[in-house]
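Beneath this line is the structure, given in structure tokens, with notes to follow.
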Amino acid sequence: MKPRQQRLIFIGLAIIGIGAASTLAITALNSNISYFFSPSQVLANEAPQDHIFRLGGLVTTGTLIRQPESLTVHFDVTDNAKTVKVMYTGILPDLFSEGKGVVTKGKLGADGVFYAEEVLAKHDEEYVPPEVASTLKTAHAEGVTPSNPPSPPAGASN
Amino acid sequence: MVPELGHFALILALVFAVLQATMPLIGSLRHSQTLIALARPLAWGQFTFISISFLALLFAFLADDFSVVYVAANSNTLMPTLYKISAVWGAHEGSLLLWVLMLAGWGAAIALFSRNLPLPMVARVISVQGMVAIGFLLFMLLTSNPFDRIFPMPIEGRDLNPLLQDPGLAIHPPMLYMGYVGFSVAFAFAIAALIGGKLDSAWARWSRSWTTVAWVFLTLGIALGSWWSYYELGWGGWWFWDPVENASFMPWLAGTALIHSLAVTEKRAAFKTWTVLLAISAFSLSLLGTFLVRSGVLTSVHAFATDPTRGAFILIFLCIVIGGSLALYAWRAPSISDGGRFDLFSRESFLLINNLLLVTLTVLVLFGTLAPLIYDAAGWGKISVGFPWFNTMFIYLSPLLIAAMGIGPLLHWKRDQFRRLAPQLGLAIALTVLVVVLAMTLLQPAIGFGLGLAAWLLTTHVINLFDRSKRREPITIGAGKRNYSRSYYGMWIAHLGMVVFIIGVTLVSHRGSETDVRLSPNGVYENSGYRFQFNGVEVVKGPNYDAFRGEFVVFQDEQEITRLYPEKRKYFSGGMPMTEAGIDAGFLRDIYISLGEPIGITGDWGLRVYYKPFVRWIWLGCILMALGGLFAASDRRYRPQRVASI
């Protein structure tokens with residue numbers, strides 16, 4: 001074979017390979033991405049019924065309930081406008097607490113309860129997931145939340 | 001006083017960097033020996049002043065000088081000395097200082113170990129390093145000065161992020177940065193060669209050992225990070241496809257492609273422009289990694305300190321570096337001849353396949369990492385890409401990569417006969433099939449895949465070793481067998497590391513078990529042939545934290561084999577509780593218990609009980625890869641001045 005032909009074969013194979021890889025990547029991506037929805041969006045039926053998605057917001061204070069003799073917990077997630085009930089079996093991350101931001105990943109049941117497979121942990125207590133922050137901002141902009149930010153300003157604590 | 005000294009030294013270092021970036025380069029273009037001769041002293045000067053600056057910050061930490069904002073935010077008097085030292089690079093400003101220190105260190109090392117390089121080349125390489133240093137020093141002085149003071153001075157510091165108070169993490173950032181910054185040398189060599197318009201085998205040989213050393217550091221840095229997240233995060237995973245992990249993995253993939261491509265450029269004077277492009281990519285990806293980590297554009301478990309203005313600065317810097325070097329590339333590359341023709345069935349071809357696959361993987365990881373940003377910017381919604389996607393990509397592409405990796409080293413350069421290799425490949429295939437069948441029948445089908453890959457790689461390399469010891473191959477011109485061997489054995493060891501790594505990943509993924517359980521004191525749980533007895537939790541005190549400490553007795557066949565004491569620490573400085581897993585480490589398996597959370601009032605705890613077979617092999621494989629790299633980089637032919645003097 002002439003070098004020119006070889007080069008053409010190489011380029012041809014490379015193009016086929018890259019095409020195959022990108023097709024594969026995009027196809028696989030569709031079944032592996034999870035969209036983020038706020039409780040308001042879930043209640044407005046924007047979230048898919050049969051696909052995994054992420055639900056985020058604040059854990060409503062006083063809603064964390066544990067089932068006896070198991071690792072199952074229930075809690076409410078709110079964006080200060082709407083609230084969705086969440087059920088999860090497993091160990092909650094260290095930073096999980098009532099009144100704090102949370103992102104959960106799972107599926108919405110027909111009963112309206114969100115069955116979480118994962119409760120995502122963040123390694124900084126001051127960190128608010130950007131999706132949750134923008135969710136709260138949106139709810140606030142729509143005029144459904146009080147004008148105070150979710151955590152009281154420093155001066156108001158005493 | 002000392003912090004001001006450090007600040008001033010940093011400003012002087014910037015002055016030196018500006019001189020370093022301009023004078024030697026102008027000298028090399030105008031053939032002015034005086035200006036060229038400035039390169040080495042300037043590199044030394046820059047290194048000296050950045051060292052002074054770094055020592056000043058270190059001193060501030062050791063002296064508990066809380067009038068420095070950075071010290072106050074990241075240290076306190078109760079912290080052990082080791083962590084006061086590692087706190088220097090525990091947050092943004094200090095880690096940047098470490099970064100520029102290393103950059104200057106690599107520059108000084110080039111100045112020191114480049115006696116055999118032509119002077120104009122050294123001058124250009126050091127100039128390019130100076131340009132990179134300008135960017136980072138400006139970044140520090142304008143947006144992230146570690147020597148800023150506060151008034152009034154706090155009495156006590158805030159403490160280092162507890163997550164970072166760990167020996168593994170004390171050395172993880174320096175290792176990783178040595179790798180990141182080390183690619184700046186490969187980058188500087190490439191740019192210097194483009195400026196000079198001369199890319200020959202000698203250039204590739206100089207560049208090669210430096211790049212390999214950088215790659216070794218990056219490999220160890222990534223492995224350390226993985227090991228740390230395994231035992232410190234309490235989840236028992238070793239890789240999460242987190243954006244920050246990807247940020248370090250992309251330069252690694254590109255760097256791996258680069259060291260293979262450099263081999264071809266050195267031996268066969270082929271792939272020249274491609275090698276240059278890879279060198280530019282590897283360093284650009286290192287910069288991109290810094291940008292992703294520091295700007296906070298991506299949600300990540302590592303999102304410690306983030307600041308949009310810093311992100312904007314790095315983004316502009318990134319654009320200048322990538323845009324500038326690609327413009328230079330577009331201008332110069334067409335005039336560079338890509339010599340060294342080769343057949344389809346030759347070592348070059350297989351190294352090309354290796355490069356194409358590694359670059360494809362790099363692009364895929366980049367795409368997966370940036371997809372959430374792309375979707376958000378395009379208004380398609382807020383998404384996250386789950387780690388199954390990344391795993392799928394690697395599971396599809398790795399067989400091709402491993403197949404080529406097995407054949408490539410067996411082949412001759414330039415041209416080889418399939419007939420010559422048919423018996424060897426036949427034997428390797430037969431042994432691989434045997435392993436696959438055994439694994440599928442005795443263990444489980446999915447394991448056959450991974451172990452098959454490992455078996456293929458191992459058999460081809462063992463055959464290669466026998467083959468080579470039988471024949472004396474005049475492979476390198478003017479170099480005998482002994483001169484050749486280190487670089488060959490380096491390759492062999494690094495590839496063996498890959499075998500070990502694959503075995504570890506396969507077995508821990510398919511044979512391991514991870515369970516969350518709820519246990520009462522004196523409760524018992526059985527899994528994977530082990531019985532775990534929970535003796536309850538007590539409160540213990542550490543130097544700067546209180547902890548819950550659980551006691552577990554582990555039995556196997558009614559014999560007590562170990563006691564594990566996982567902890568949940570609460571640091572005085574506040575912050576989140578930290579999980580210290582109790583791990584019984586072994587060559588063939590780890591037993592791993594971590595405390596989840598207390599449940600109810602009866603002393604029950606939610607616990608993670610993991611059985612992790614062969615998990616150590618993952619890091620052992622990485623260590624072997626790094627060892628192989630070191631072996632290859634120490635090959636005699638990279639030290640030609642000694643050979644010449646004999």
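Just so we're on the same page: first chain in the structure tokens is A, next is B, and so on; residues restart at 1 for each chain, and ligands are numbered from 1 in the order they show up.
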
Distance-based interface of chain B with chain A, 8 Å, counting only C-alpha atoms, as a PDB file with C-alpha atoms, in the first residue's frame:
ATOM      1  CA  THR B 299     -21.273  21.632  41.828  1.00  0.00           C
ATOM      2  CA  SER B 300     -18.736  19.401  43.428  1.00  0.00           C
ATOM      3  CA  VAL B 301     -18.019  17.650  46.682  1.00  0.00           C
ATOM      4  CA  HIS B 302     -14.748  19.548  46.643  1.00  0.00           C
ATOM      5  CA  ALA B 303     -16.356  22.984  46.401  1.00  0.00           C
ATOM      6  CA  PHE B 304     -14.468  24.405  49.351  1.00  0.00           C
ATOM      7  CA  ARG B 341       6.791   6.814   7.459  1.00  0.00           C
ATOM      8  CA  PHE B 342       5.380   3.594   8.849  1.00  0.00           C
ATOM      9  CA  ASP B 343       3.205   0.639   7.903  1.00  0.00           C
ATOM     10  CA  LEU B 344      -0.245  -0.143   9.234  1.00  0.00           C
ATOM     11  CA  LEU B 356      -6.591   8.362  19.554  1.00  0.00           C
ATOM     12  CA  THR B 360     -11.246  10.271  22.866  1.00  0.00           C
ATOM     13  CA  LEU B 364     -15.528  12.290  26.756  1.00  0.00           C
ATOM     14  CA  GLY B 381     -32.458  22.557  32.271  1.00  0.00           C
ATOM     15  CA  LYS B 382     -30.212  21.812  35.200  1.00  0.00           C
ATOM     16  CA  ILE B 383     -28.732  18.372  34.881  1.00  0.00           C
ATOM     17  CA  SER B 384     -26.135  16.217  36.487  1.00  0.00           C
ATOM     18  CA  VAL B 385     -24.319  13.432  34.685  1.00  0.00           C
ATOM     19  CA  GLY B 386     -24.366  10.322  36.803  1.00  0.00           C
ATOM     20  CA  PRO B 388     -22.796   5.285  35.360  1.00  0.00           C
ATOM     21  CA  TRP B 389     -22.304   7.321  32.198  1.00  0.00           C
ATOM     22  CA  THR B 392     -20.130   3.033  30.516  1.00  0.00           C
ATOM     23  CA  MET B 393     -17.781   5.100  28.374  1.00  0.00           C
ATOM     24  CA  ASP B 516     -26.126   0.168  55.445  1.00  0.00           C
ATOM     25  CA  VAL B 517     -27.326  -1.487  58.640  1.00  0.00           C
ATOM     26  CA  ARG B 518     -28.911  -0.419  61.879  1.00  0.00           C
ATOM     27  CA  GLY B 575     -18.153  22.707  61.056  1.00  0.00           C
ATOM     28  CA  MET B 576     -19.492  19.426  59.948  1.00  0.00           C
ATOM     29  CA  PRO B 577     -18.802  16.178  61.784  1.00  0.00           C
ATOM     30  CA  MET B 578     -16.037  14.086  60.270  1.00  0.00           C
ATOM     31  CA  GLY B 596     -23.398   6.809  60.041  1.00  0.00           C
ATOM     32  CA  GLU B 597     -25.657   8.484  62.552  1.00  0.00           C
ATOM     33  CA  GLY B 606     -26.828   3.543  61.409  1.00  0.00           C
ATOM     34  CA  LEU B 607     -23.635   1.905  60.139  1.00  0.00           C
ATOM     35  CA  ARG B 608     -21.919   1.289  56.863  1.00  0.00           C
TER      36      ARG B 608
END

Considering only C-alpha atoms, return as a PyMOL selection string whatever protein or nucleic-acid residues lie within 8 Å of segment 133-137 of chain A, sequence-local ones (same chain, fewer than 6 positions apart) excluded.
-> chain A and resi 38+57+79-80

Extract, using only C-alpha atoms, all DNA, RNA and protein residues at most 9 Å from segment 147-163 of chain B, discarding same-chain residues fewer than 2 positions from it, and format them as number ranges by chain.
-> A: 123-124; B: 3-4, 6-7, 57, 64-79, 83-84, 87, 90-91, 93, 144-145, 165-166, 169, 232-233, 304, 570-579

Please save C-alpha atoms of the selected residues as a compact mmCIF listing (two decimals), in the first residue's frame.
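The resulting file, result15.txt, is reproduced below:
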# COMPACT_ATOMS: atom_id res chain seq x y z
CA HIS A 123 -18.54 18.93 52.38
CA ASP A 124 -19.01 22.43 53.57
CA PRO B 3 4.11 38.64 56.18
CA GLU B 4 5.03 41.99 54.57
CA GLY B 6 6.56 37.58 52.06
CA HIS B 7 4.28 39.93 50.14
CA LEU B 57 3.67 32.14 55.03
CA ASP B 64 0.07 31.38 64.90
CA ASP B 65 0.07 34.88 63.43
CA PHE B 66 -3.69 35.39 63.24
CA SER B 67 -3.30 38.96 62.04
CA VAL B 68 -2.94 37.35 58.61
CA VAL B 69 -6.45 36.65 57.31
CA TYR B 70 -5.41 33.46 55.60
CA VAL B 71 -3.78 32.05 58.72
CA ALA B 72 -6.72 33.07 60.89
CA ALA B 73 -9.13 31.35 58.52
CA ASN B 74 -7.19 28.11 58.21
CA SER B 75 -5.32 27.43 61.42
CA ASN B 76 -5.58 27.59 65.16
CA THR B 77 -3.33 27.12 68.15
CA LEU B 78 -4.63 23.62 68.95
CA MET B 79 -3.73 22.17 65.61
CA TYR B 83 -1.37 20.23 59.96
CA LYS B 84 -0.15 23.77 60.55
CA ALA B 87 -2.60 24.23 56.19
CA GLY B 90 -5.06 23.97 52.67
CA ALA B 91 -7.06 26.72 50.99
CA GLU B 93 -4.43 31.50 48.40
CA SER B 144 -5.83 36.16 46.25
CA ASN B 145 -3.03 37.58 48.33
CA GLN B 165 -6.60 17.39 58.71
CA ASP B 166 -5.25 14.11 57.55
CA LEU B 169 -4.34 15.07 52.32
CA GLU B 232 -11.86 9.83 54.92
CA LEU B 233 -15.22 10.46 53.30
CA PHE B 304 -14.47 24.40 49.35
CA LYS B 570 -16.81 16.99 65.94
CA TYR B 571 -14.11 19.65 65.75
CA PHE B 572 -14.15 22.48 68.32
CA SER B 573 -13.92 25.04 65.58
CA GLY B 574 -17.38 24.01 64.46
CA GLY B 575 -18.15 22.71 61.06
CA MET B 576 -19.49 19.43 59.95
CA PRO B 577 -18.80 16.18 61.78
CA MET B 578 -16.04 14.09 60.27
CA THR B 579 -16.15 10.37 59.64

Just list the residues in segment 6-157 of chain A DSSP gives strand (DSSP E or B) on the backbone, as a PyMOL selection string.
-> chain A and resi 33-37+53-59+65-66+72-78+83-89+101-108+114-120

Could those residues be written to a file, using C-alpha atoms, as a PDB file, in the first residue's frame?
ATOM      1  CA  ILE A  33     -28.548  12.486  33.141  1.00  0.00           C
ATOM      2  CA  SER A  34     -30.833  13.577  35.886  1.00  0.00           C
ATOM      3  CA  TYR A  35     -32.602  16.913  35.727  1.00  0.00           C
ATOM      4  CA  PHE A  36     -33.103  19.124  38.717  1.00  0.00           C
ATOM      5  CA  PHE A  37     -36.594  20.146  39.835  1.00  0.00           C
ATOM      6  CA  PHE A  53     -34.443  13.190  38.679  1.00  0.00           C
ATOM      7  CA  ARG A  54     -33.059  15.362  41.449  1.00  0.00           C
ATOM      8  CA  LEU A  55     -35.272  17.213  43.862  1.00  0.00           C
ATOM      9  CA  GLY A  56     -33.809  19.973  45.943  1.00  0.00           C
ATOM     10  CA  GLY A  57     -34.795  22.604  48.468  1.00  0.00           C
ATOM     11  CA  LEU A  58     -34.829  23.035  52.207  1.00  0.00           C
ATOM     12  CA  VAL A  59     -35.702  20.294  54.670  1.00  0.00           C
ATOM     13  CA  ILE A  65     -39.513  11.087  61.064  1.00  0.00           C
ATOM     14  CA  ARG A  66     -37.707   7.779  61.472  1.00  0.00           C
ATOM     15  CA  THR A  72     -36.040   4.457  56.665  1.00  0.00           C
ATOM     16  CA  VAL A  73     -36.732   8.150  57.128  1.00  0.00           C
ATOM     17  CA  HIS A  74     -39.371  10.583  55.927  1.00  0.00           C
ATOM     18  CA  PHE A  75     -38.947  14.311  55.542  1.00  0.00           C
ATOM     19  CA  ASP A  76     -40.428  17.213  53.578  1.00  0.00           C
ATOM     20  CA  VAL A  77     -38.501  19.264  51.037  1.00  0.00           C
ATOM     21  CA  THR A  78     -39.721  22.774  50.396  1.00  0.00           C
ATOM     22  CA  THR A  83     -43.587  21.028  49.610  1.00  0.00           C
ATOM     23  CA  VAL A  84     -42.899  17.451  48.534  1.00  0.00           C
ATOM     24  CA  LYS A  85     -42.699  14.449  50.871  1.00  0.00           C
ATOM     25  CA  VAL A  86     -39.555  12.366  50.585  1.00  0.00           C
ATOM     26  CA  MET A  87     -38.857   8.813  51.691  1.00  0.00           C
ATOM     27  CA  TYR A  88     -35.332   7.440  51.940  1.00  0.00           C
ATOM     28  CA  THR A  89     -33.760   4.269  53.298  1.00  0.00           C
ATOM     29  CA  GLY A 101     -30.526  22.770  51.938  1.00  0.00           C
ATOM     30  CA  VAL A 102     -30.645  19.287  50.490  1.00  0.00           C
ATOM     31  CA  VAL A 103     -30.496  17.614  47.109  1.00  0.00           C
ATOM     32  CA  THR A 104     -32.024  14.162  46.711  1.00  0.00           C
ATOM     33  CA  LYS A 105     -31.999  11.859  43.736  1.00  0.00           C
ATOM     34  CA  GLY A 106     -34.716   9.336  42.989  1.00  0.00           C
ATOM     35  CA  LYS A 107     -38.130   8.790  41.420  1.00  0.00           C
ATOM     36  CA  LEU A 108     -41.547  10.252  42.034  1.00  0.00           C
ATOM     37  CA  PHE A 114     -40.481  11.160  46.196  1.00  0.00           C
ATOM     38  CA  TYR A 115     -38.593   7.900  46.734  1.00  0.00           C
ATOM     39  CA  ALA A 116     -34.978   8.973  47.101  1.00  0.00           C
ATOM     40  CA  GLU A 117     -32.179   6.566  46.285  1.00  0.00           C
ATOM     41  CA  GLU A 118     -29.497   9.043  47.209  1.00  0.00           C
ATOM     42  CA  VAL A 119     -29.277  12.047  49.483  1.00  0.00           C
ATOM     43  CA  LEU A 120     -26.366  14.101  48.284  1.00  0.00           C
TER      44      LEU A 120
END

Work out how far atom CA of Leu62 of chain B is from atom CA of Gly221 of chain B, in Å to one decimal.
->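 These atoms are spaced 25.3 Å apart.
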